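Engineer: If it helps, the file is called my_file-v9.pdb and holds PDB, C-alpha atoms:
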```
ATOM      1  CA  MET A   1     -59.291 -43.251 -37.253
ATOM      2  CA  SER A   2     -59.667 -44.599 -40.743
ATOM      3  CA  ASP A   3     -60.700 -41.420 -42.552
ATOM      4  CA  PRO A   4     -57.534 -39.939 -44.086
ATOM      5  CA  ASN A   5     -59.238 -36.569 -44.667
ATOM      6  CA  PRO A   6     -58.809 -34.660 -41.397
ATOM      7  CA  SER A   7     -61.537 -32.125 -42.196
ATOM      8  CA  ARG A   8     -64.083 -34.835 -42.763
ATOM      9  CA  ALA A   9     -62.831 -36.788 -39.740
ATOM     10  CA  ILE A  10     -63.210 -33.715 -37.503
ATOM     11  CA  ALA A  11     -66.713 -32.961 -38.767
ATOM     12  CA  THR A  12     -67.767 -36.583 -38.268
ATOM     13  CA  LEU A  13     -66.324 -36.699 -34.755
ATOM     14  CA  VAL A  14     -68.167 -33.557 -33.661
ATOM     15  CA  GLU A  15     -71.412 -34.605 -35.313
ATOM     16  CA  GLN A  16     -71.365 -38.061 -33.747
ATOM     17  CA  GLN A  17     -70.282 -37.221 -30.192
ATOM     18  CA  ARG A  18     -72.766 -35.386 -27.959
ATOM     19  CA  ILE A  19     -70.564 -35.372 -24.881
ATOM     20  CA  ALA A  20     -67.225 -33.860 -23.978
ATOM     21  CA  ALA A  21     -64.897 -33.859 -21.047
ATOM     22  CA  PHE A  22     -64.793 -30.382 -19.554
ATOM     23  CA  SER A  23     -61.557 -28.963 -18.161
ATOM     24  CA  THR A  24     -61.958 -26.084 -15.762
ATOM     25  CA  SER A  25     -59.817 -24.926 -12.900
ATOM     26  CA  HIS A  26     -60.409 -24.532  -9.189
ATOM     27  CA  ALA A  27     -58.007 -22.263  -7.320
ATOM     28  CA  GLY A  28     -55.422 -22.983 -10.001
ATOM     29  CA  ALA A  29     -55.857 -26.773  -9.951
ATOM     30  CA  PRO A  30     -57.190 -28.474 -13.084
ATOM     31  CA  ALA A  31     -60.630 -30.042 -12.681
ATOM     32  CA  ALA A  32     -62.448 -32.495 -14.956
ATOM     33  CA  SER A  33     -66.152 -33.131 -15.487
ATOM     34  CA  LEU A  34     -68.518 -34.334 -18.199
ATOM     35  CA  VAL A  35     -70.870 -32.148 -20.240
ATOM     36  CA  ALA A  36     -73.185 -32.474 -23.181
ATOM     37  CA  TYR A  37     -72.501 -29.854 -25.840
ATOM     38  CA  ALA A  38     -73.785 -28.472 -29.125
ATOM     39  CA  LEU A  39     -72.107 -26.074 -31.500
ATOM     40  CA  ASP A  40     -73.824 -22.780 -32.179
ATOM     41  CA  ALA A  41     -75.001 -22.059 -35.730
ATOM     42  CA  PRO A  42     -71.823 -20.254 -36.899
ATOM     43  CA  ALA A  43     -69.726 -23.071 -35.330
ATOM     44  CA  THR A  44     -67.613 -20.511 -33.491
ATOM     45  CA  GLY A  45     -68.841 -21.506 -30.057
ATOM     46  CA  ALA A  46     -69.802 -24.577 -28.052
ATOM     47  CA  LEU A  47     -73.056 -24.341 -26.106
ATOM     48  CA  LEU A  48     -73.360 -25.839 -22.629
ATOM     49  CA  HIS A  49     -76.319 -25.999 -20.251
ATOM     50  CA  LEU A  50     -74.903 -25.965 -16.760
ATOM     51  CA  SER A  51     -76.326 -26.269 -13.279
ATOM     52  CA  ASP A  52     -75.557 -23.457 -10.862
ATOM     53  CA  LEU A  53     -74.852 -26.163  -8.294
ATOM     54  CA  ALA A  54     -72.158 -27.980 -10.318
ATOM     55  CA  ALA A  55     -68.499 -27.586  -9.413
ATOM     56  CA  HIS A  56     -67.542 -26.682 -13.015
ATOM     57  CA  THR A  57     -70.024 -23.800 -12.973
ATOM     58  CA  ARG A  58     -68.577 -22.456  -9.728
ATOM     59  CA  ASN A  59     -65.098 -22.832 -11.205
ATOM     60  CA  LEU A  60     -66.055 -20.728 -14.250
ATOM     61  CA  ARG A  61     -67.056 -17.799 -12.003
ATOM     62  CA  HIS A  62     -63.415 -17.464 -10.964
ATOM     63  CA  GLU A  63     -61.688 -18.687 -14.158
ATOM     64  CA  PRO A  64     -63.791 -18.436 -17.334
ATOM     65  CA  ARG A  65     -61.150 -20.150 -19.470
ATOM     66  CA  ALA A  66     -61.934 -23.803 -20.135
ATOM     67  CA  ALA A  67     -61.467 -26.602 -22.663
ATOM     68  CA  LEU A  68     -63.643 -29.354 -24.081
ATOM     69  CA  LEU A  69     -62.298 -32.711 -25.180
ATOM     70  CA  ILE A  70     -64.362 -34.605 -27.737
ATOM     71  CA  HIS A  71     -63.155 -38.106 -28.535
ATOM     72  CA  GLU A  72     -64.059 -41.289 -30.332
ATOM     73  CA  PRO A  73     -65.400 -43.957 -27.988
ATOM     74  CA  ASP A  74     -62.966 -46.727 -27.094
ATOM     75  CA  GLY A  75     -64.920 -49.442 -28.852
ATOM     76  CA  ASP A  76     -62.344 -52.096 -29.684
ATOM     77  CA  PRO A  77     -60.318 -53.568 -26.806
ATOM     78  CA  ARG A  78     -57.886 -55.088 -29.329
ATOM     79  CA  ALA A  79     -56.997 -51.636 -30.709
ATOM     80  CA  ASP A  80     -54.408 -49.287 -29.230
ATOM     81  CA  PRO A  81     -56.379 -46.508 -27.483
ATOM     82  CA  GLN A  82     -53.595 -44.106 -28.485
ATOM     83  CA  THR A  83     -55.056 -44.178 -32.014
ATOM     84  CA  LEU A  84     -58.454 -42.765 -31.013
ATOM     85  CA  ALA A  85     -59.340 -39.477 -32.660
ATOM     86  CA  ARG A  86     -59.795 -36.532 -30.312
ATOM     87  CA  LEU A  87     -60.382 -32.831 -30.568
ATOM     88  CA  ALA A  88     -59.801 -30.167 -27.925
ATOM     89  CA  LEU A  89     -61.693 -26.878 -28.135
ATOM     90  CA  SER A  90     -60.362 -24.185 -25.819
ATOM     91  CA  GLY A  91     -61.703 -20.762 -25.045
ATOM     92  CA  ARG A  92     -63.515 -18.534 -22.643
ATOM     93  CA  VAL A  93     -66.964 -19.363 -21.301
ATOM     94  CA  ALA A  94     -69.687 -16.760 -20.828
ATOM     95  CA  ARG A  95     -73.307 -17.106 -19.788
ATOM     96  CA  ILE A  96     -75.958 -16.270 -22.370
ATOM     97  CA  ALA A  97     -78.655 -14.416 -20.441
ATOM     98  CA  THR A  98     -82.252 -15.130 -21.396
ATOM     99  CA  ASP A  99     -82.634 -11.520 -22.612
ATOM    100  CA  ASP A 100     -79.515 -11.757 -24.796
ATOM    101  CA  PRO A 101     -80.358 -11.329 -28.522
ATOM    102  CA  ASP A 102     -78.503 -14.624 -29.195
ATOM    103  CA  TYR A 103     -80.357 -16.609 -26.538
ATOM    104  CA  ALA A 104     -83.225 -17.976 -28.639
ATOM    105  CA  ALA A 105     -80.952 -19.197 -31.450
ATOM    106  CA  ALA A 106     -78.482 -20.720 -28.993
ATOM    107  CA  ARG A 107     -81.254 -22.511 -27.112
ATOM    108  CA  ALA A 108     -82.645 -23.833 -30.402
ATOM    109  CA  SER A 109     -79.216 -25.120 -31.502
ATOM    110  CA  TYR A 110     -78.702 -26.782 -28.142
ATOM    111  CA  LEU A 111     -82.112 -28.456 -28.062
ATOM    112  CA  ALA A 112     -81.908 -29.579 -31.699
ATOM    113  CA  ARG A 113     -78.931 -31.636 -30.659
ATOM    114  CA  LEU A 114     -79.889 -32.447 -27.071
ATOM    115  CA  PRO A 115     -83.673 -32.657 -26.842
ATOM    116  CA  HIS A 116     -83.542 -34.406 -23.461
ATOM    117  CA  ALA A 117     -82.425 -31.144 -21.929
ATOM    118  CA  GLY A 118     -85.795 -29.505 -22.710
ATOM    119  CA  PRO A 119     -87.314 -29.885 -19.240
ATOM    120  CA  ARG A 120     -84.135 -28.538 -17.633
ATOM    121  CA  PHE A 121     -84.663 -25.211 -19.393
ATOM    122  CA  ALA A 122     -87.589 -24.747 -17.015
ATOM    123  CA  PHE A 123     -85.343 -25.246 -13.956
ATOM    124  CA  GLY A 124     -84.204 -22.018 -12.359
ATOM    125  CA  ASP A 125     -80.741 -23.374 -11.594
ATOM    126  CA  PHE A 126     -79.695 -24.293 -15.157
ATOM    127  CA  GLN A 127     -78.236 -21.630 -17.433
ATOM    128  CA  LEU A 128     -77.000 -21.581 -20.995
ATOM    129  CA  TYR A 129     -73.289 -20.870 -21.559
ATOM    130  CA  ARG A 130     -71.105 -20.475 -24.633
ATOM    131  CA  LEU A 131     -67.430 -21.374 -24.937
ATOM    132  CA  ALA A 132     -66.041 -18.981 -27.568
ATOM    133  CA  ILE A 133     -63.586 -21.215 -29.407
ATOM    134  CA  ASP A 134     -60.140 -19.665 -29.627
ATOM    135  CA  ASP A 135     -57.982 -22.764 -30.067
ATOM    136  CA  VAL A 136     -58.594 -26.077 -31.820
ATOM    137  CA  ALA A 137     -56.244 -29.045 -31.488
ATOM    138  CA  TYR A 138     -56.963 -32.300 -33.300
ATOM    139  CA  VAL A 139     -55.196 -35.631 -32.927
ATOM    140  CA  GLY A 140     -56.267 -38.175 -35.515
ATOM    141  CA  GLY A 141     -54.189 -40.988 -34.095
ATOM    142  CA  PHE A 142     -50.689 -41.752 -32.956
ATOM    143  CA  ALA A 143     -48.359 -38.937 -34.063
ATOM    144  CA  ARG A 144     -51.059 -37.397 -36.268
ATOM    145  CA  ALA A 145     -51.844 -33.996 -34.850
ATOM    146  CA  ALA A 146     -53.077 -30.742 -36.335
ATOM    147  CA  ARG A 147     -53.777 -27.310 -34.965
ATOM    148  CA  LEU A 148     -56.615 -25.396 -36.626
ATOM    149  CA  THR A 149     -57.628 -21.787 -36.418
ATOM    150  CA  PRO A 150     -61.147 -21.190 -35.111
ATOM    151  CA  ALA A 151     -62.088 -19.993 -38.626
ATOM    152  CA  GLU A 152     -60.837 -23.208 -40.211
ATOM    153  CA  PHE A 153     -62.773 -25.253 -37.673
ATOM    154  CA  ALA A 154     -65.948 -23.230 -38.235
ATOM    155  CA  SER A 155     -65.618 -23.664 -41.981
ATOM    156  CA  ILE A 156     -65.208 -27.441 -41.614
ATOM    157  CA  MET A 157     -68.239 -27.698 -39.371
ATOM    158  CA  ARG A 158     -70.446 -25.509 -41.562
ATOM    159  CA  THR A 159     -69.509 -27.546 -44.628
ATOM    160  CA  GLY A 160     -70.514 -30.710 -42.800
ATOM    161  CA  ALA A 161     -69.168 -34.199 -42.605
ATOM    162  CA  PRO A 162     -69.964 -36.568 -45.449
ATOM    163  CA  GLY A 163     -69.927 -35.610 -49.083
ATOM    164  CA  ALA A 164     -68.403 -32.286 -48.293
ATOM    165  CA  GLY A 165     -66.250 -32.584 -51.375
ATOM    166  CA  GLU A 166     -63.111 -31.510 -49.563
ATOM    167  CA  THR A 167     -59.794 -32.753 -50.760
ATOM    168  CA  PRO A 168     -57.422 -34.280 -48.221
TER     169      PRO A 168
ATOM    170  CA  MET B   1     -76.177 -46.176 -14.859
ATOM    171  CA  SER B   2     -78.304 -49.115 -13.860
ATOM    172  CA  ASP B   3     -76.222 -50.486 -10.992
ATOM    173  CA  PRO B   4     -77.670 -49.045  -7.778
ATOM    174  CA  ASN B   5     -74.538 -49.992  -5.805
ATOM    175  CA  PRO B   6     -72.132 -47.082  -6.275
ATOM    176  CA  SER B   7     -69.082 -49.060  -5.152
ATOM    177  CA  ARG B   8     -69.696 -51.758  -7.719
ATOM    178  CA  ALA B   9     -70.585 -49.166 -10.366
ATOM    179  CA  ILE B  10     -67.319 -47.302  -9.746
ATOM    180  CA  ALA B  11     -65.238 -50.486  -9.883
ATOM    181  CA  THR B  12     -66.950 -51.576 -13.106
ATOM    182  CA  LEU B  13     -66.463 -48.168 -14.703
ATOM    183  CA  VAL B  14     -62.741 -48.104 -13.958
ATOM    184  CA  GLU B  15     -62.226 -51.711 -14.991
ATOM    185  CA  GLN B  16     -64.049 -51.256 -18.292
ATOM    186  CA  GLN B  17     -62.656 -47.899 -19.413
ATOM    187  CA  ARG B  18     -59.025 -47.738 -20.517
ATOM    188  CA  ILE B  19     -59.061 -44.076 -21.466
ATOM    189  CA  ALA B  20     -59.607 -40.842 -19.628
ATOM    190  CA  ALA B  21     -59.784 -37.194 -20.459
ATOM    191  CA  PHE B  22     -56.809 -35.438 -18.916
ATOM    192  CA  SER B  23     -57.155 -31.938 -17.489
ATOM    193  CA  THR B  24     -53.936 -30.024 -17.110
ATOM    194  CA  SER B  25     -53.234 -26.324 -17.184
ATOM    195  CA  HIS B  26     -51.112 -24.128 -19.396
ATOM    196  CA  ALA B  27     -50.184 -20.719 -17.989
ATOM    197  CA  GLY B  28     -53.288 -20.899 -15.814
ATOM    198  CA  ALA B  29     -55.648 -21.887 -18.639
ATOM    199  CA  PRO B  30     -57.329 -25.301 -18.455
ATOM    200  CA  ALA B  31     -56.247 -27.736 -21.164
ATOM    201  CA  ALA B  32     -57.818 -31.038 -22.220
ATOM    202  CA  SER B  33     -56.307 -34.116 -23.811
ATOM    203  CA  LEU B  34     -56.846 -37.876 -23.957
ATOM    204  CA  VAL B  35     -54.755 -40.503 -22.183
ATOM    205  CA  ALA B  36     -54.809 -44.212 -21.559
ATOM    206  CA  TYR B  37     -54.445 -45.055 -17.866
ATOM    207  CA  ALA B  38     -54.058 -47.949 -15.468
ATOM    208  CA  LEU B  39     -54.331 -47.963 -11.696
ATOM    209  CA  ASP B  40     -51.284 -48.994  -9.717
ATOM    210  CA  ALA B  41     -51.524 -52.109  -7.552
ATOM    211  CA  PRO B  42     -52.567 -50.337  -4.322
ATOM    212  CA  ALA B  43     -55.156 -48.334  -6.365
ATOM    213  CA  THR B  44     -53.866 -45.098  -4.863
ATOM    214  CA  GLY B  45     -52.444 -43.786  -8.120
ATOM    215  CA  ALA B  46     -53.231 -43.681 -11.832
ATOM    216  CA  LEU B  47     -50.370 -44.575 -14.153
ATOM    217  CA  LEU B  48     -49.835 -42.680 -17.410
ATOM    218  CA  HIS B  49     -47.245 -43.138 -20.137
ATOM    219  CA  LEU B  50     -46.651 -39.750 -21.662
ATOM    220  CA  SER B  51     -44.617 -38.401 -24.547
ATOM    221  CA  ASP B  52     -42.118 -35.658 -23.754
ATOM    222  CA  LEU B  53     -43.406 -33.930 -26.882
ATOM    223  CA  ALA B  54     -47.061 -33.790 -25.835
ATOM    224  CA  ALA B  55     -48.582 -30.538 -24.623
ATOM    225  CA  HIS B  56     -49.962 -32.166 -21.446
ATOM    226  CA  THR B  57     -46.456 -33.319 -20.487
ATOM    227  CA  ARG B  58     -45.064 -29.798 -20.938
ATOM    228  CA  ASN B  59     -47.988 -28.467 -18.896
ATOM    229  CA  LEU B  60     -47.165 -30.824 -16.003
ATOM    230  CA  ARG B  61     -43.643 -29.431 -15.747
ATOM    231  CA  HIS B  62     -45.109 -26.089 -14.667
ATOM    232  CA  GLU B  63     -48.255 -27.314 -12.884
ATOM    233  CA  PRO B  64     -48.131 -30.921 -11.648
ATOM    234  CA  ARG B  65     -51.746 -30.867 -10.465
ATOM    235  CA  ALA B  66     -54.111 -32.573 -12.906
ATOM    236  CA  ALA B  67     -57.375 -34.507 -13.115
ATOM    237  CA  LEU B  68     -58.592 -37.543 -15.019
ATOM    238  CA  LEU B  69     -62.184 -38.007 -16.121
ATOM    239  CA  ILE B  70     -63.324 -41.568 -16.712
ATOM    240  CA  HIS B  71     -66.815 -41.935 -18.136
ATOM    241  CA  GLU B  72     -69.247 -44.410 -19.623
ATOM    242  CA  PRO B  73     -69.374 -44.235 -23.406
ATOM    243  CA  ASP B  74     -72.389 -42.449 -24.862
ATOM    244  CA  GLY B  75     -73.844 -45.552 -26.454
ATOM    245  CA  ASP B  76     -77.550 -44.839 -26.749
ATOM    246  CA  PRO B  77     -78.614 -41.728 -28.679
ATOM    247  CA  ARG B  78     -82.124 -42.041 -27.221
ATOM    248  CA  ALA B  79     -80.805 -41.725 -23.664
ATOM    249  CA  ASP B  80     -80.083 -38.456 -21.886
ATOM    250  CA  PRO B  81     -76.266 -38.080 -21.824
ATOM    251  CA  GLN B  82     -76.622 -36.363 -18.438
ATOM    252  CA  THR B  83     -77.253 -39.819 -16.945
ATOM    253  CA  LEU B  84     -73.850 -41.245 -17.956
ATOM    254  CA  ALA B  85     -71.680 -42.362 -15.059
ATOM    255  CA  ARG B  86     -68.416 -40.505 -14.629
ATOM    256  CA  LEU B  87     -65.573 -40.389 -12.165
ATOM    257  CA  ALA B  88     -62.979 -37.646 -11.706
ATOM    258  CA  LEU B  89     -59.643 -38.490 -10.085
ATOM    259  CA  SER B  90     -57.606 -35.455  -9.097
ATOM    260  CA  GLY B  91     -54.104 -35.193  -7.761
ATOM    261  CA  ARG B  92     -50.509 -34.385  -8.398
ATOM    262  CA  VAL B  93     -48.522 -36.042 -11.168
ATOM    263  CA  ALA B  94     -44.911 -37.127 -10.760
ATOM    264  CA  ARG B  95     -42.602 -39.009 -13.080
ATOM    265  CA  ILE B  96     -41.492 -42.486 -12.031
ATOM    266  CA  ALA B  97     -37.838 -42.705 -13.010
ATOM    267  CA  THR B  98     -36.601 -46.005 -14.384
ATOM    268  CA  ASP B  99     -34.355 -46.422 -11.318
ATOM    269  CA  ASP B 100     -37.229 -45.777  -8.898
ATOM    270  CA  PRO B 101     -37.948 -48.849  -6.704
ATOM    271  CA  ASP B 102     -41.604 -48.642  -7.812
ATOM    272  CA  TYR B 103     -40.819 -48.489 -11.531
ATOM    273  CA  ALA B 104     -40.955 -52.211 -12.358
ATOM    274  CA  ALA B 105     -44.268 -52.784 -10.582
ATOM    275  CA  ALA B 106     -45.798 -49.659 -12.124
ATOM    276  CA  ARG B 107     -44.664 -50.654 -15.606
ATOM    277  CA  ALA B 108     -46.100 -54.138 -15.094
ATOM    278  CA  SER B 109     -49.463 -52.751 -13.917
ATOM    279  CA  TYR B 110     -49.564 -50.392 -16.883
ATOM    280  CA  LEU B 111     -48.716 -53.046 -19.455
ATOM    281  CA  ALA B 112     -51.090 -55.620 -17.958
ATOM    282  CA  ARG B 113     -53.866 -53.213 -18.789
ATOM    283  CA  LEU B 114     -52.422 -51.577 -21.906
ATOM    284  CA  PRO B 115     -50.251 -54.116 -23.724
ATOM    285  CA  HIS B 116     -50.199 -52.022 -26.914
ATOM    286  CA  ALA B 117     -47.935 -49.560 -25.139
ATOM    287  CA  GLY B 118     -45.139 -52.135 -24.921
ATOM    288  CA  PRO B 119     -43.105 -50.898 -27.883
ATOM    289  CA  ARG B 120     -43.367 -47.300 -26.636
ATOM    290  CA  PHE B 121     -41.442 -48.244 -23.492
ATOM    291  CA  ALA B 122     -38.437 -48.581 -25.790
ATOM    292  CA  PHE B 123     -38.864 -45.002 -27.075
ATOM    293  CA  GLY B 124     -36.628 -42.485 -25.351
ATOM    294  CA  ASP B 125     -39.306 -39.793 -25.357
ATOM    295  CA  PHE B 126     -42.011 -41.671 -23.414
ATOM    296  CA  GLN B 127     -41.923 -41.711 -19.615
ATOM    297  CA  LEU B 128     -44.058 -43.284 -16.941
ATOM    298  CA  TYR B 129     -45.967 -40.950 -14.599
ATOM    299  CA  ARG B 130     -48.210 -41.440 -11.597
ATOM    300  CA  LEU B 131     -51.119 -39.270 -10.545
ATOM    301  CA  ALA B 132     -51.321 -39.631  -6.763
ATOM    302  CA  ILE B 133     -55.082 -39.595  -6.194
ATOM    303  CA  ASP B 134     -56.100 -37.033  -3.604
ATOM    304  CA  ASP B 135     -59.721 -36.429  -4.593
ATOM    305  CA  VAL B 136     -62.393 -38.700  -6.058
ATOM    306  CA  ALA B 137     -65.714 -37.397  -7.348
ATOM    307  CA  TYR B 138     -68.312 -39.758  -8.783
ATOM    308  CA  VAL B 139     -71.520 -38.898 -10.589
ATOM    309  CA  GLY B 140     -73.726 -41.916 -11.197
ATOM    310  CA  GLY B 141     -76.344 -40.024 -13.171
ATOM    311  CA  PHE B 142     -78.492 -36.950 -12.969
ATOM    312  CA  ALA B 143     -78.289 -35.516  -9.426
ATOM    313  CA  ARG B 144     -76.540 -38.640  -8.107
ATOM    314  CA  ALA B 145     -73.124 -37.573  -6.940
ATOM    315  CA  ALA B 146     -70.717 -38.826  -4.308
ATOM    316  CA  ARG B 147     -67.345 -37.734  -3.037
ATOM    317  CA  LEU B 148     -65.011 -40.488  -1.891
ATOM    318  CA  THR B 149     -61.810 -40.365   0.067
ATOM    319  CA  PRO B 150     -58.778 -41.814  -1.724
ATOM    320  CA  ALA B 151     -58.804 -44.661   0.831
ATOM    321  CA  GLU B 152     -62.455 -45.479   0.084
ATOM    322  CA  PHE B 153     -61.723 -45.492  -3.640
ATOM    323  CA  ALA B 154     -58.662 -47.711  -3.207
ATOM    324  CA  SER B 155     -60.682 -50.139  -1.106
ATOM    325  CA  ILE B 156     -63.409 -50.315  -3.756
ATOM    326  CA  MET B 157     -60.895 -50.952  -6.509
ATOM    327  CA  ARG B 158     -58.963 -53.575  -4.590
ATOM    328  CA  THR B 159     -62.200 -55.419  -3.772
ATOM    329  CA  GLY B 160     -63.063 -55.474  -7.466
ATOM    330  CA  ALA B 161     -66.232 -55.060  -9.440
ATOM    331  CA  PRO B 162     -68.444 -58.097  -9.780
ATOM    332  CA  GLY B 163     -69.335 -60.400  -6.927
ATOM    333  CA  ALA B 164     -67.627 -58.116  -4.485
ATOM    334  CA  GLY B 165     -70.334 -58.849  -1.949
ATOM    335  CA  GLU B 166     -70.705 -55.218  -0.968
ATOM    336  CA  THR B 167     -74.040 -54.012   0.238
ATOM    337  CA  PRO B 168     -75.516 -50.899  -1.375
TER     338      PRO B 168
END
```
Let me see whether you can do it: turn the structure in this file into structure tokens.
Structural biologist:
Amino acid sequence: MSDPNPSRAIATLVEQQRIAAFSTSHAGAPAASLVAYALDAPATGALLHLSDLAAHTRNLRHEPRAALLIHEPDGDPRADPQTLARLALSGRVARIATDDPDYAAARASYLARLPHAGPRFAFGDFQLYRLAIDDVAYVGGFARAARLTPAEFASIMRTGAPGAGETP
Amino acid sequence: MSDPNPSRAIATLVEQQRIAAFSTSHAGAPAASLVAYALDAPATGALLHLSDLAAHTRNLRHEPRAALLIHEPDGDPRADPQTLARLALSGRVARIATDDPDYAAARASYLARLPHAGPRFAFGDFQLYRLAIDDVAYVGGFARAARLTPAEFASIMRTGAPGAGETP
């Protein structure tokens, strides 16, 4: 990660990466899957659109705690993969029902980022979920780690990535 | 994923991707981090080289079950990320002590794949671990999923990716 400003590096990472690894648990055993995600407008939650048939969705019914890992792609085989930037967002996942007052805004945020999902909103077995971020861990490279509060993360994401005028 | 042969697609995915998202759990809550990995020679385990100081390593001391998610990079913003190929390897993680009879072979397999890690083998706070694969779940795209036995996965990986002569 070349950007020495962690705030800007975090904002860029989240803006550029549409997918995350999704950690859930099944009868106490960690499970891993892949999801597309979008942040909600206040940047205090990550929005997911999950199939009722997927194992991660079944896992959430028993254990709503989960974590998302967002990382730089491993683009250069000559580079040490240990230096890739990555961000883990942990929290509790809840479904946003279609009659929830937040549903329309959440759906709009999700589709603004992930327009391919549009047709799946017509499927009866896909539902919108929100991971309420309660822990943020960032690793910008080897031995470069930072823990952020959810409020700090939300502030970084609302300010945006480039030209945010933040000082390192 | 364009390759209609799942065996070849799985072998290619694992051969091309050096990194995986790592699902562990902390006091019952799912946690997510990033690791580099290599398969061991029999392809029945995934080798990890972990820092004693990392949260995932502390998590494993209390809950040795874990899962790795290996996925295609999200290279085309016009494509639906739901179609990316991904593979989850689940199992139990154990440390390979330096006096273990399998240590030298495991270290060699790891370094053949991840030569940058060489200097870290001299650090006192990095240890070699093996996730003994007991479950393999592959998703080759939207609604294209397969569950493999560990023996099937090992056979695929030992046969290798291209020109393996497998029939779809």
Engineer: List the spatial neighbours of Ala146 in chain B as number ranges by chain - criterion: any atom at most 9 Å away, all atoms listed in the file, same-chain residues fewer than 4 positions off excluded.
Structural biologist: B: 6, 136-140
Engineer: If the PyMOL selection byres ((chain B) within 6 of (chain A)) is run on the structure shown, which residues does it catch, given as a list in words?
Structural biologist: Ser23, Thr24, Ala29, Pro30, Ala31, Ala32, Arg65, Ala66, Ala67, Leu69, Asp80 and His116 of chain B
Engineer: Determine, counting all atoms listed in the file, every residue of protein, DNA or RNA that lies within 10 Å of (-45.0, -47.0, -13.6) in the file coordinates, then give the result as a count of residues only.
Structural biologist: 27
Engineer: Rounded to one decimal, what separation in Å do you get between CA of Ala151 in chain A and CA of Ala132 in chain A?
Structural biologist: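 According to the coordinates, CA of Ala151 in chain A and CA of Ala132 in chain A are separated by 11.8 Å.
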Engineer: Expressed in Å to a single decimal, how great is the separation between CA of Thr83 in chain B and CA of Ala145 in chain B?
Structural biologist: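 For CA of Thr83 in chain B relative to CA of Ala145 in chain B, the distance reads 11.1 Å.
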Engineer: Centre and edge lengths, as AutoDock Vina command-line options, for the axis-aligned box enclosing every listed atom of range 142-155 of chain B with 3 Å of padding on each of the six sides, in Å to one decimal?
Structural biologist:
```
--center_x -68.6 --center_y -42.8 --center_z -6.1 --size_x 25.8 --size_y 20.6 --size_z 19.8
```
Engineer: One decimal, Å: what's the distance from CA of Asn59 in chain B over to CA of Ala154 in chain A, could you say?
Structural biologist: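 Separating CA of Asn59 in chain B from CA of Ala154 in chain A is a distance of 26.9 Å.
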Engineer: Got a sec: who's within 12 Å of Ser155 in chain A, counting only C-alpha atoms, leaving out chain neighbours fewer than 4 positions off, as a list in words?
Structural biologist: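 Listed by chain and then number, they are Ser7, Arg8, Ile10, Ala11, Ala41, Pro42, Ala43, Thr44, Leu148, Thr149, Pro150, Ala151, Thr159, Gly160, Ala161, Ala164 and Glu166 of chain A.
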Engineer: For the selection you just gave me, I'd like the residues written to a file as a PDB file, in the frame of the given file, keeping C-alpha atoms.
Structural biologist:
```pdb
ATOM      1  CA  SER A   7     -61.537 -32.125 -42.196  1.00  0.00           C
ATOM      2  CA  ARG A   8     -64.083 -34.835 -42.763  1.00  0.00           C
ATOM      3  CA  ILE A  10     -63.210 -33.715 -37.503  1.00  0.00           C
ATOM      4  CA  ALA A  11     -66.713 -32.961 -38.767  1.00  0.00           C
ATOM      5  CA  ALA A  41     -75.001 -22.059 -35.730  1.00  0.00           C
ATOM      6  CA  PRO A  42     -71.823 -20.254 -36.899  1.00  0.00           C
ATOM      7  CA  ALA A  43     -69.726 -23.071 -35.330  1.00  0.00           C
ATOM      8  CA  THR A  44     -67.613 -20.511 -33.491  1.00  0.00           C
ATOM      9  CA  LEU A 148     -56.615 -25.396 -36.626  1.00  0.00           C
ATOM     10  CA  THR A 149     -57.628 -21.787 -36.418  1.00  0.00           C
ATOM     11  CA  PRO A 150     -61.147 -21.190 -35.111  1.00  0.00           C
ATOM     12  CA  ALA A 151     -62.088 -19.993 -38.626  1.00  0.00           C
ATOM     13  CA  THR A 159     -69.509 -27.546 -44.628  1.00  0.00           C
ATOM     14  CA  GLY A 160     -70.514 -30.710 -42.800  1.00  0.00           C
ATOM     15  CA  ALA A 161     -69.168 -34.199 -42.605  1.00  0.00           C
ATOM     16  CA  ALA A 164     -68.403 -32.286 -48.293  1.00  0.00           C
ATOM     17  CA  GLU A 166     -63.111 -31.510 -49.563  1.00  0.00           C
TER      18      GLU A 166
END
```
